[in-house]
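S.K.: Structure incoming, see below.
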Amino acid sequence: MKLLIKKGRIIDPINDLDMVGDILIEDGRIKEVGENIEELQTKVIRAEGYIVSPGLLDMHVHLREPGYEAQEDIESGTAAAACGGFTKVACMPNTDPVVDNAAVVRAILSRAQQVGSCRVLPIGCISKGQMGKELAEIGDMVEAGIVAVSDDGKPVADSGLMRKAMQYVKAFDIPVISHCEDPYLSSGGVVNEGLMSTKLGLKGIPNAAEEIMVARDIILAELTGTRLHIAHVSTAGSVRLIREAKKRGVKVTCEAAPHHFTLTDDYIKDYDTNTKVNPPLRTIKDVEAVIEGLVDGTIDVIASDHAPHTVEAKSLEYDHAPFGISGLETMVPLVVSNLIDKGILSWMEALRKLTKAPADILKVPLSGIAEGSPADITVIDPNNSRIVDPASFKSKGKNTPFKGMELKGWPVLTICGGKITHSSLDV
Ligand code: DOR
Ligand code: ZN
């Protein structure tokens, strides 16, 4: 099948390209990029006024399969990804069974091949059973195709084990992704520790619970020379620690999730469990620091931490409901509305954090909008405003604190390997 995308604004951080032009796609690849391509017998997509980007990559997604298919599965999760403009997602290993051996990695990859609407990059566990006691079968999992290791959802409390993991993965040149949380400090907490937690009578999680582990892991990365990636940065102190470590040349990268640069703990005032997330929503000072980190490059990546949960589970009391926000389908409009439209990041900078930056960290080869590249493309309408309606999500997870908000900049077309995986256009 042939496709011609005409007159879009092509913004490609991989090839440093910002031009109005056409893209011709044939047999799953980009055949030609030019100012004006004339081609007969092809489907034409009129993209005037739209942004055309290399397919987006979300490096922090919970697809829940195997084991928690009531929350999400590979089919629904990748459909949600396509709808959100993503052609690649890296999926976290806190499934059941957890991803701590090659067989589970292969099972995920093969399921993704069968029913996936985007490419799936599995992340393996750091520890066996995610129990934090001994290393998982990391070498075997690398051979099977993992792109990183992480015990995400749970911190690695044992510094000795974290050091071992960092030393061990060096041979494979994959990063350790750290969920930074000191479990003895966060213990039993459900929201940010501060004025709000006191007012509402909910147990708080101090910023220090995150920052102590950020500091520890930076020190261990320095000791071992390993590439460390810090997941979902949420506090001003974490941003400061990472900024300072980068200056010293430590191989540390990090990501922020949209809820951490858009919402404060004020949003929990009505006990809406859709605001319950780990790390928790923090204060305005933290939100501003995260934004500053995005601007000065301390924060390399924007990732959703898509964490779908069932309506039943989220209907429990605040203390008992699970942590997590269903994030794939609101990520792009949150970035456009809160960062690009406000002049905080340029399109090029924002798209870099959604394409080249995560790909470089995970060593996923990306050639962008160039002749011969796989046709992975995301088209965004920067002006289209819509109200967030979780009922229309492809994800099984309807748990979003953004419900009812008006956001601008929705993906209108996603193409993965030359196939249209999402379209709200007339094609
Ligand atoms: O809010 C969260 N939900 N944070 C995590 O680290 C894990 C995730 C989940 O798996 O639900
Ligand atoms: Zn996490």
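Ordered as shown in the structure tokens, chains take letters A, B, and onward, while each chain numbers its residues from 1 and ligands are numbered from 1 in the order shown.
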So which residues touch His422 (chain A) within 9 Å, counting only C-alpha atoms, skipping near sequence neighbours fewer than 3 positions away, as a list in words?

M.R.: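 Selected residues are Ala79, Ala82, Cys83, Gly84, Gly85, Ser117, Pro411, Val412, Leu413, Thr414 and Ile415 of chain A.
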
S.K.: Mind listing the residues within 6 Å of ligand 1, only C-alpha atoms and all ligand atoms counted, as a ChimeraX atom specification?

M.R.: /A:152-153,277-278,307,323-324

S.K.: Please extract the residues at most 10 Å from ligand 2, counting only C-alpha atoms and all ligand atoms, and provide them as a ChimeraX atom specification, using the chain letters and residue numbers of this document.

M.R.: /A:60-62,92,94,150-155,177-181,230-233,277-279,305,307,323-324

S.K.: Rounded to one decimal place, report the CA of Thr264 (chain A)-CA of Pro206 (chain A) distance in Å.

M.R.: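 One can read the CA of Thr264 (chain A) to CA of Pro206 (chain A) distance as 14.3 Å.
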
S.K.: I need the residue nearest Ser423 (chain A) from this list: A:Ala136, A:Val379, A:Met405, A:Ile126. Use only C-alpha atoms for the distance.

M.R.: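 The shortest atom-to-atom distance to Ser423 (chain A) comes from A:Val379.
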
S.K.: Near Tyr168 (chain A), within 10 Å and counting only C-alpha atoms, which residues show up once chain neighbours fewer than 6 positions away are dropped, as a CSV table (one decimal) with C-alpha atoms, in the first residue's frame?

M.R.:
```
chain,number,residue,atom,x,y,z
A,135,LEU,CA,19.4,-10.7,40.5
A,138,ILE,CA,19.3,-10.6,33.1
A,139,GLY,CA,21.7,-12.1,30.5
A,162,MET,CA,21.5,-2.3,43.2
A,174,ILE,CA,21.5,-1.5,28.9
A,224,THR,CA,30.1,1.4,38.7
A,226,THR,CA,26.8,2.3,34.6
```

S.K.: Please list as number ranges by chain every residue within 6 Å of Thr275 (chain A), counting only C-alpha atoms and excluding residues in the same chain fewer than 3 positions away.

M.R.: A: 268, 272, 401

S.K.: Which residue gives the smallest distance to Gly28 (chain A) among A:Lys2, A:Lys170, A:Lys88, A:Arg352, with only C-alpha atoms counted?

M.R.: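 Among the listed residues, A:Lys2 lies closest to Gly28 (chain A).
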
S.K.: Do you know which residues are at most 12 Å from Leu185 (chain A) counting only C-alpha atoms, after dropping those on the same chain fewer than 4 positions away, and could you put them as a list in words?

M.R.: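 Within the cut-off, the hits are Pro155, Ala157, Cys180, Glu181, Gly189, Val190, Asn192, Glu193, Lys203, Gly204, Ile205, Pro206, Asn207, Ala208, Ala209, Glu210, Glu211, Ile212 and Met213 of chain A.
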
S.K.: For the residues in that selection, give me N, CA and C atoms as a compact mmCIF listing (two decimals), in the first residue's frame.

M.R.:
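Generated output (result_14.txt):
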```txt
# COMPACT_ATOMS: atom_id res chain seq x y z
N PRO A 155 10.74 -0.22 44.84
CA PRO A 155 12.14 0.21 44.87
C PRO A 155 13.07 -0.96 45.18
N ALA A 157 15.48 -1.80 47.63
CA ALA A 157 15.88 -1.22 48.91
C ALA A 157 17.33 -1.56 49.26
N CYS A 180 12.73 5.35 42.28
CA CYS A 180 13.41 5.86 43.47
C CYS A 180 12.45 6.11 44.61
N GLU A 181 12.50 5.26 45.59
CA GLU A 181 11.61 5.39 46.76
C GLU A 181 12.23 4.64 47.92
N GLY A 189 2.38 5.63 53.12
CA GLY A 189 1.94 6.93 52.61
C GLY A 189 1.13 6.78 51.34
N VAL A 190 0.19 7.68 51.13
CA VAL A 190 -0.64 7.60 49.93
C VAL A 190 -0.64 8.89 49.11
N ASN A 192 1.35 13.15 48.84
CA ASN A 192 2.51 13.95 49.22
C ASN A 192 2.41 14.37 50.69
N GLU A 193 3.53 14.33 51.39
CA GLU A 193 3.52 14.78 52.79
C GLU A 193 3.59 16.30 52.82
N LYS A 203 -2.01 9.74 55.00
CA LYS A 203 -0.60 9.61 55.36
C LYS A 203 0.29 10.07 54.20
N GLY A 204 1.29 10.84 54.54
CA GLY A 204 2.12 11.47 53.51
C GLY A 204 3.39 10.71 53.16
N ILE A 205 3.87 10.97 51.94
CA ILE A 205 5.16 10.46 51.47
C ILE A 205 6.06 11.70 51.30
N PRO A 206 7.13 11.81 52.10
CA PRO A 206 7.97 13.02 51.98
C PRO A 206 8.80 13.00 50.70
N ASN A 207 9.16 14.19 50.22
CA ASN A 207 10.06 14.28 49.07
C ASN A 207 11.34 13.48 49.30
N ALA A 208 11.77 13.46 50.57
CA ALA A 208 13.02 12.78 50.91
C ALA A 208 12.99 11.31 50.54
N ALA A 209 11.81 10.68 50.56
CA ALA A 209 11.73 9.25 50.21
C ALA A 209 12.25 9.03 48.80
N GLU A 210 11.97 9.98 47.91
CA GLU A 210 12.47 9.88 46.53
C GLU A 210 13.93 10.32 46.44
N GLU A 211 14.21 11.43 47.08
CA GLU A 211 15.53 12.07 46.88
C GLU A 211 16.68 11.25 47.46
N ILE A 212 16.44 10.58 48.58
CA ILE A 212 17.49 9.73 49.17
C ILE A 212 17.90 8.65 48.18
N MET A 213 16.92 8.07 47.49
CA MET A 213 17.23 7.01 46.53
C MET A 213 17.85 7.57 45.25
```

S.K.: Report as JSON, numbers by chain: the residues of region 159-307 of chain A with a DSSP assignment of helix (DSSP H, G or I), based on the backbone of this structure.

M.R.: {"A": [159, 160, 161, 162, 163, 164, 165, 166, 167, 168, 169, 170, 171, 172, 183, 184, 185, 186, 195, 196, 197, 198, 199, 200, 207, 208, 209, 210, 211, 212, 213, 214, 215, 216, 217, 218, 219, 220, 221, 222, 223, 224, 236, 237, 238, 239, 240, 241, 242, 243, 244, 245, 246, 247, 258, 259, 260, 261, 262, 265, 266, 267, 268, 273, 274, 275, 284, 285, 286, 287, 288, 289, 290, 291, 292, 293, 294, 295, 296]}

S.K.: If you keep C-alpha atoms, can you produce a file of those selected residues as a PDB file, in the first residue's frame?

M.R.:
```pdb
ATOM      1  CA  SER A 159      21.971  -0.972  47.987  1.00  0.00           C
ATOM      2  CA  GLY A 160      24.259  -3.985  47.628  1.00  0.00           C
ATOM      3  CA  LEU A 161      21.884  -5.613  45.171  1.00  0.00           C
ATOM      4  CA  MET A 162      21.505  -2.346  43.242  1.00  0.00           C
ATOM      5  CA  ARG A 163      25.288  -2.101  42.970  1.00  0.00           C
ATOM      6  CA  LYS A 164      25.462  -5.694  41.726  1.00  0.00           C
ATOM      7  CA  ALA A 165      22.754  -5.016  39.122  1.00  0.00           C
ATOM      8  CA  MET A 166      24.613  -1.944  37.869  1.00  0.00           C
ATOM      9  CA  GLN A 167      27.886  -3.844  37.632  1.00  0.00           C
ATOM     10  CA  TYR A 168      26.236  -6.777  35.877  1.00  0.00           C
ATOM     11  CA  VAL A 169      24.327  -4.841  33.192  1.00  0.00           C
ATOM     12  CA  LYS A 170      27.426  -2.920  32.132  1.00  0.00           C
ATOM     13  CA  ALA A 171      28.483  -5.819  29.919  1.00  0.00           C
ATOM     14  CA  PHE A 172      25.204  -5.543  27.998  1.00  0.00           C
ATOM     15  CA  PRO A 183      10.271   2.204  51.415  1.00  0.00           C
ATOM     16  CA  TYR A 184      11.014   2.941  55.073  1.00  0.00           C
ATOM     17  CA  LEU A 185      10.274   6.627  54.526  1.00  0.00           C
ATOM     18  CA  SER A 186       7.278   6.241  52.212  1.00  0.00           C
ATOM     19  CA  LEU A 195      -0.271  20.751  54.147  1.00  0.00           C
ATOM     20  CA  MET A 196      -2.721  18.744  52.023  1.00  0.00           C
ATOM     21  CA  SER A 197      -1.987  15.394  53.676  1.00  0.00           C
ATOM     22  CA  THR A 198      -2.488  16.983  57.077  1.00  0.00           C
ATOM     23  CA  LYS A 199      -5.715  18.718  56.046  1.00  0.00           C
ATOM     24  CA  LEU A 200      -7.196  15.593  54.502  1.00  0.00           C
ATOM     25  CA  ASN A 207      10.064  14.282  49.067  1.00  0.00           C
ATOM     26  CA  ALA A 208      13.024  12.783  50.912  1.00  0.00           C
ATOM     27  CA  ALA A 209      11.730   9.249  50.210  1.00  0.00           C
ATOM     28  CA  GLU A 210      12.466   9.877  46.530  1.00  0.00           C
ATOM     29  CA  GLU A 211      15.528  12.069  46.885  1.00  0.00           C
ATOM     30  CA  ILE A 212      17.485   9.727  49.166  1.00  0.00           C
ATOM     31  CA  MET A 213      17.230   7.007  46.532  1.00  0.00           C
ATOM     32  CA  VAL A 214      18.054   9.400  43.689  1.00  0.00           C
ATOM     33  CA  ALA A 215      21.198  10.378  45.586  1.00  0.00           C
ATOM     34  CA  ARG A 216      22.058   6.749  46.359  1.00  0.00           C
ATOM     35  CA  ASP A 217      21.626   5.612  42.787  1.00  0.00           C
ATOM     36  CA  ILE A 218      23.656   8.516  41.418  1.00  0.00           C
ATOM     37  CA  ILE A 219      26.456   7.534  43.799  1.00  0.00           C
ATOM     38  CA  LEU A 220      26.201   3.891  42.698  1.00  0.00           C
ATOM     39  CA  ALA A 221      26.155   4.876  39.014  1.00  0.00           C
ATOM     40  CA  GLU A 222      29.298   6.867  39.655  1.00  0.00           C
ATOM     41  CA  LEU A 223      30.908   3.928  41.464  1.00  0.00           C
ATOM     42  CA  THR A 224      30.071   1.421  38.736  1.00  0.00           C
ATOM     43  CA  ALA A 236      12.575  19.764  43.188  1.00  0.00           C
ATOM     44  CA  GLY A 237      15.336  18.033  45.146  1.00  0.00           C
ATOM     45  CA  SER A 238      15.544  15.150  42.660  1.00  0.00           C
ATOM     46  CA  VAL A 239      15.860  17.593  39.768  1.00  0.00           C
ATOM     47  CA  ARG A 240      18.639  19.418  41.619  1.00  0.00           C
ATOM     48  CA  LEU A 241      20.534  16.195  42.408  1.00  0.00           C
ATOM     49  CA  ILE A 242      20.325  14.976  38.815  1.00  0.00           C
ATOM     50  CA  ARG A 243      21.344  18.360  37.396  1.00  0.00           C
ATOM     51  CA  GLU A 244      24.396  18.424  39.631  1.00  0.00           C
ATOM     52  CA  ALA A 245      25.321  14.793  38.820  1.00  0.00           C
ATOM     53  CA  LYS A 246      25.054  15.438  35.079  1.00  0.00           C
ATOM     54  CA  LYS A 247      27.389  18.414  35.470  1.00  0.00           C
ATOM     55  CA  PRO A 258       2.740  14.738  32.491  1.00  0.00           C
ATOM     56  CA  HIS A 259       0.892  14.597  35.825  1.00  0.00           C
ATOM     57  CA  HIS A 260       4.056  15.711  37.575  1.00  0.00           C
ATOM     58  CA  PHE A 261       4.439  18.843  35.459  1.00  0.00           C
ATOM     59  CA  THR A 262       0.726  19.737  35.366  1.00  0.00           C
ATOM     60  CA  ASP A 265      -1.524  17.852  45.433  1.00  0.00           C
ATOM     61  CA  ASP A 266      -4.368  20.411  45.499  1.00  0.00           C
ATOM     62  CA  TYR A 267      -6.120  18.083  43.064  1.00  0.00           C
ATOM     63  CA  ILE A 268      -6.601  15.421  45.749  1.00  0.00           C
ATOM     64  CA  THR A 273      -8.565   8.231  43.769  1.00  0.00           C
ATOM     65  CA  ASN A 274      -7.646   8.995  40.152  1.00  0.00           C
ATOM     66  CA  THR A 275      -5.182  11.478  41.642  1.00  0.00           C
ATOM     67  CA  ILE A 284       3.719  23.910  43.046  1.00  0.00           C
ATOM     68  CA  LYS A 285       7.409  24.335  43.892  1.00  0.00           C
ATOM     69  CA  ASP A 286       8.073  20.791  42.721  1.00  0.00           C
ATOM     70  CA  VAL A 287       5.971  21.207  39.579  1.00  0.00           C
ATOM     71  CA  GLU A 288       7.929  24.371  38.723  1.00  0.00           C
ATOM     72  CA  ALA A 289      11.235  22.580  39.321  1.00  0.00           C
ATOM     73  CA  VAL A 290      10.202  19.702  37.055  1.00  0.00           C
ATOM     74  CA  ILE A 291       9.312  22.225  34.340  1.00  0.00           C
ATOM     75  CA  GLU A 292      12.661  23.942  34.837  1.00  0.00           C
ATOM     76  CA  GLY A 293      14.356  20.547  34.489  1.00  0.00           C
ATOM     77  CA  LEU A 294      12.507  19.924  31.236  1.00  0.00           C
ATOM     78  CA  VAL A 295      13.599  23.304  29.915  1.00  0.00           C
ATOM     79  CA  ASP A 296      17.294  23.103  30.830  1.00  0.00           C
TER      80      ASP A 296
END
```

S.K.: Quick one, how far is CA of Asp140 (chain A) from CA of Pro175 (chain A)?

M.R.: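 A separation of 15.8 Å between them.
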
S.K.: From the DSSP assignment of the backbone, select every residue of region 147-377 of chain A that is strand (DSSP E), and format the answer as an MDAnalysis selection string.

M.R.: chainID A and resid 149:150 176:178 191:192 204:205 228:230 252:256 301:302 377

S.K.: Grab the residues selected above and save them as a PDB file, in the first residue's frame with N, CA, C and O atoms.

M.R.:
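Result saved to part04.pdb:
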```pdb
ATOM      1  N   VAL A 149      16.571  -2.870  32.483  1.00  0.00           N
ATOM      2  CA  VAL A 149      16.030  -3.588  33.646  1.00  0.00           C
ATOM      3  C   VAL A 149      15.494  -2.574  34.654  1.00  0.00           C
ATOM      4  O   VAL A 149      16.012  -1.457  34.774  1.00  0.00           O
ATOM      5  N   SER A 150      14.444  -3.002  35.370  1.00  0.00           N
ATOM      6  CA  SER A 150      13.826  -2.144  36.374  1.00  0.00           C
ATOM      7  C   SER A 150      12.948  -2.995  37.284  1.00  0.00           C
ATOM      8  O   SER A 150      12.348  -3.968  36.817  1.00  0.00           O
ATOM      9  N   VAL A 176      19.927   0.735  33.822  1.00  0.00           N
ATOM     10  CA  VAL A 176      19.099   0.359  34.962  1.00  0.00           C
ATOM     11  C   VAL A 176      18.110   1.512  35.152  1.00  0.00           C
ATOM     12  O   VAL A 176      18.520   2.672  35.251  1.00  0.00           O
ATOM     13  N   ILE A 177      16.822   1.182  35.148  1.00  0.00           N
ATOM     14  CA  ILE A 177      15.801   2.217  35.377  1.00  0.00           C
ATOM     15  C   ILE A 177      15.360   2.105  36.832  1.00  0.00           C
ATOM     16  O   ILE A 177      14.886   1.055  37.263  1.00  0.00           O
ATOM     17  N   SER A 178      15.544   3.182  37.564  1.00  0.00           N
ATOM     18  CA  SER A 178      15.283   3.106  38.994  1.00  0.00           C
ATOM     19  C   SER A 178      13.981   3.798  39.400  1.00  0.00           C
ATOM     20  O   SER A 178      13.746   4.956  39.064  1.00  0.00           O
ATOM     21  N   VAL A 191      -0.222  10.000  49.739  1.00  0.00           N
ATOM     22  CA  VAL A 191      -0.156  11.287  49.032  1.00  0.00           C
ATOM     23  C   VAL A 191       1.128  12.001  49.444  1.00  0.00           C
ATOM     24  O   VAL A 191       1.857  11.522  50.312  1.00  0.00           O
ATOM     25  N   ASN A 192       1.353  13.146  48.840  1.00  0.00           N
ATOM     26  CA  ASN A 192       2.513  13.949  49.223  1.00  0.00           C
ATOM     27  C   ASN A 192       2.408  14.373  50.691  1.00  0.00           C
ATOM     28  O   ASN A 192       1.333  14.743  51.165  1.00  0.00           O
ATOM     29  N   GLY A 204       1.295  10.844  54.543  1.00  0.00           N
ATOM     30  CA  GLY A 204       2.119  11.471  53.507  1.00  0.00           C
ATOM     31  C   GLY A 204       3.388  10.713  53.158  1.00  0.00           C
ATOM     32  O   GLY A 204       3.908   9.931  53.953  1.00  0.00           O
ATOM     33  N   ILE A 205       3.866  10.967  51.944  1.00  0.00           N
ATOM     34  CA  ILE A 205       5.159  10.461  51.470  1.00  0.00           C
ATOM     35  C   ILE A 205       6.061  11.696  51.301  1.00  0.00           C
ATOM     36  O   ILE A 205       5.778  12.548  50.461  1.00  0.00           O
ATOM     37  N   LEU A 228      22.452   4.997  34.315  1.00  0.00           N
ATOM     38  CA  LEU A 228      21.294   4.973  35.218  1.00  0.00           C
ATOM     39  C   LEU A 228      20.209   5.871  34.637  1.00  0.00           C
ATOM     40  O   LEU A 228      20.493   6.984  34.196  1.00  0.00           O
ATOM     41  N   HIS A 229      18.978   5.372  34.634  1.00  0.00           N
ATOM     42  CA  HIS A 229      17.842   6.213  34.228  1.00  0.00           C
ATOM     43  C   HIS A 229      16.855   6.270  35.389  1.00  0.00           C
ATOM     44  O   HIS A 229      16.433   5.227  35.901  1.00  0.00           O
ATOM     45  N   ILE A 230      16.499   7.465  35.786  1.00  0.00           N
ATOM     46  CA  ILE A 230      15.589   7.627  36.913  1.00  0.00           C
ATOM     47  C   ILE A 230      14.169   7.861  36.411  1.00  0.00           C
ATOM     48  O   ILE A 230      13.918   8.785  35.630  1.00  0.00           O
ATOM     49  N   VAL A 252      23.779   9.703  34.032  1.00  0.00           N
ATOM     50  CA  VAL A 252      22.412   9.604  34.527  1.00  0.00           C
ATOM     51  C   VAL A 252      21.456  10.356  33.605  1.00  0.00           C
ATOM     52  O   VAL A 252      21.769  11.444  33.125  1.00  0.00           O
ATOM     53  N   THR A 253      20.329   9.724  33.332  1.00  0.00           N
ATOM     54  CA  THR A 253      19.252  10.374  32.566  1.00  0.00           C
ATOM     55  C   THR A 253      17.977  10.226  33.399  1.00  0.00           C
ATOM     56  O   THR A 253      17.956   9.474  34.373  1.00  0.00           O
ATOM     57  N   CYS A 254      16.931  10.949  32.998  1.00  0.00           N
ATOM     58  CA  CYS A 254      15.683  10.800  33.761  1.00  0.00           C
ATOM     59  C   CYS A 254      14.493  11.223  32.920  1.00  0.00           C
ATOM     60  O   CYS A 254      14.629  11.767  31.831  1.00  0.00           O
ATOM     61  N   GLU A 255      13.341  10.909  33.468  1.00  0.00           N
ATOM     62  CA  GLU A 255      12.073  11.215  32.793  1.00  0.00           C
ATOM     63  C   GLU A 255      11.115  11.889  33.769  1.00  0.00           C
ATOM     64  O   GLU A 255      11.255  11.751  34.987  1.00  0.00           O
ATOM     65  N   ALA A 256      10.138  12.602  33.206  1.00  0.00           N
ATOM     66  CA  ALA A 256       9.024  13.124  34.014  1.00  0.00           C
ATOM     67  C   ALA A 256       7.722  12.742  33.324  1.00  0.00           C
ATOM     68  O   ALA A 256       7.652  12.644  32.094  1.00  0.00           O
ATOM     69  N   VAL A 301      13.521  13.024  29.129  1.00  0.00           N
ATOM     70  CA  VAL A 301      12.432  12.283  28.497  1.00  0.00           C
ATOM     71  C   VAL A 301      11.100  12.638  29.149  1.00  0.00           C
ATOM     72  O   VAL A 301      11.036  12.886  30.350  1.00  0.00           O
ATOM     73  N   ILE A 302      10.048  12.636  28.343  1.00  0.00           N
ATOM     74  CA  ILE A 302       8.691  12.669  28.889  1.00  0.00           C
ATOM     75  C   ILE A 302       8.096  11.274  28.671  1.00  0.00           C
ATOM     76  O   ILE A 302       8.116  10.763  27.541  1.00  0.00           O
ATOM     77  N   ILE A 377       5.253   7.037  11.909  1.00  0.00           N
ATOM     78  CA  ILE A 377       4.983   8.476  11.830  1.00  0.00           C
ATOM     79  C   ILE A 377       3.779   8.845  12.700  1.00  0.00           C
ATOM     80  O   ILE A 377       2.802   8.099  12.776  1.00  0.00           O
TER      81      ILE A 377
END
```

S.K.: Taking 4 positions as the minimum chain separation for residues in the same chain, which residues sit within 9 Å of Leu339 (chain A) when counting only C-alpha atoms? Answer as a count of residues only.

M.R.: 9

S.K.: Can you tell me how far CA of Arg386 (chain A) sits from CA of Ile25 (chain A), in Å to one decimal?

M.R.: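 Those two atoms sit 29.5 Å apart.
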
S.K.: Which residues, written as a list in words, have at least one atom at most 10 Å from Ser110 (chain A), with only C-alpha atoms counted and residues fewer than 6 positions away on the same chain left out?

M.R.: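 Non-adjacent residues within range: Val104, Gly116 and Val120 of chain A.
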
S.K.: So, with only C-alpha atoms as the atoms that count, which of A:Asn338, A:Ser326, A:Ser385, A:Asn101 lies closest to Val142 (chain A)?

M.R.: A:Asn101

S.K.: Restrict the calculation to only C-alpha atoms, then for each residue of region 41-122 of chain A with any atom at most 7 Å from an atom of region 358-373 of chain A give the closest atom pair and their distance in Å to one decimal, rows by chain and rising residue number, as JSON lines.

M.R.:
```
{"residue": "A:Pro54", "atom": "CA", "partner": "A:Gly368", "partner_atom": "CA", "distance": 5.2}
{"residue": "A:Leu57", "atom": "CA", "partner": "A:Pro358", "partner_atom": "CA", "distance": 6.9}
{"residue": "A:Met59", "atom": "CA", "partner": "A:Pro358", "partner_atom": "CA", "distance": 6.3}
```

S.K.: Please, could you write that set of residues out with all heavy atoms as a compact mmCIF listing (two decimals), in the first residue's frame?

M.R.:
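After the write, part-v4.txt holds the following:
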```
# COMPACT_ATOMS: atom_id res chain seq x y z
N PRO A 54 8.42 11.92 13.67
CA PRO A 54 8.73 10.48 13.72
C PRO A 54 7.84 9.84 14.78
O PRO A 54 7.48 10.49 15.77
CB PRO A 54 10.20 10.45 14.17
CG PRO A 54 10.74 11.80 13.88
CD PRO A 54 9.59 12.75 13.97
N LEU A 57 7.76 7.50 21.05
CA LEU A 57 8.16 6.36 21.90
C LEU A 57 7.89 6.72 23.36
O LEU A 57 8.40 7.72 23.87
CB LEU A 57 9.66 6.07 21.67
CG LEU A 57 10.45 5.26 22.69
CD1 LEU A 57 9.82 3.92 23.01
CD2 LEU A 57 11.87 5.03 22.18
N MET A 59 8.61 5.43 26.97
CA MET A 59 9.49 4.43 27.58
C MET A 59 9.03 3.94 28.96
O MET A 59 9.74 3.19 29.61
CB MET A 59 10.95 4.93 27.63
CG MET A 59 11.25 6.04 28.60
SD MET A 59 13.04 6.44 28.61
CE MET A 59 13.72 5.02 29.47
```

S.K.: Could you check which of A:Ala107, A:Ala81, A:Ile23, A:Ile45 is closest to Cys416 (chain A), using only C-alpha atoms?

M.R.: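 Going through A:Ala107, A:Ala81, A:Ile23, A:Ile45 one by one, the smallest distance to Cys416 (chain A) is for A:Ala81.
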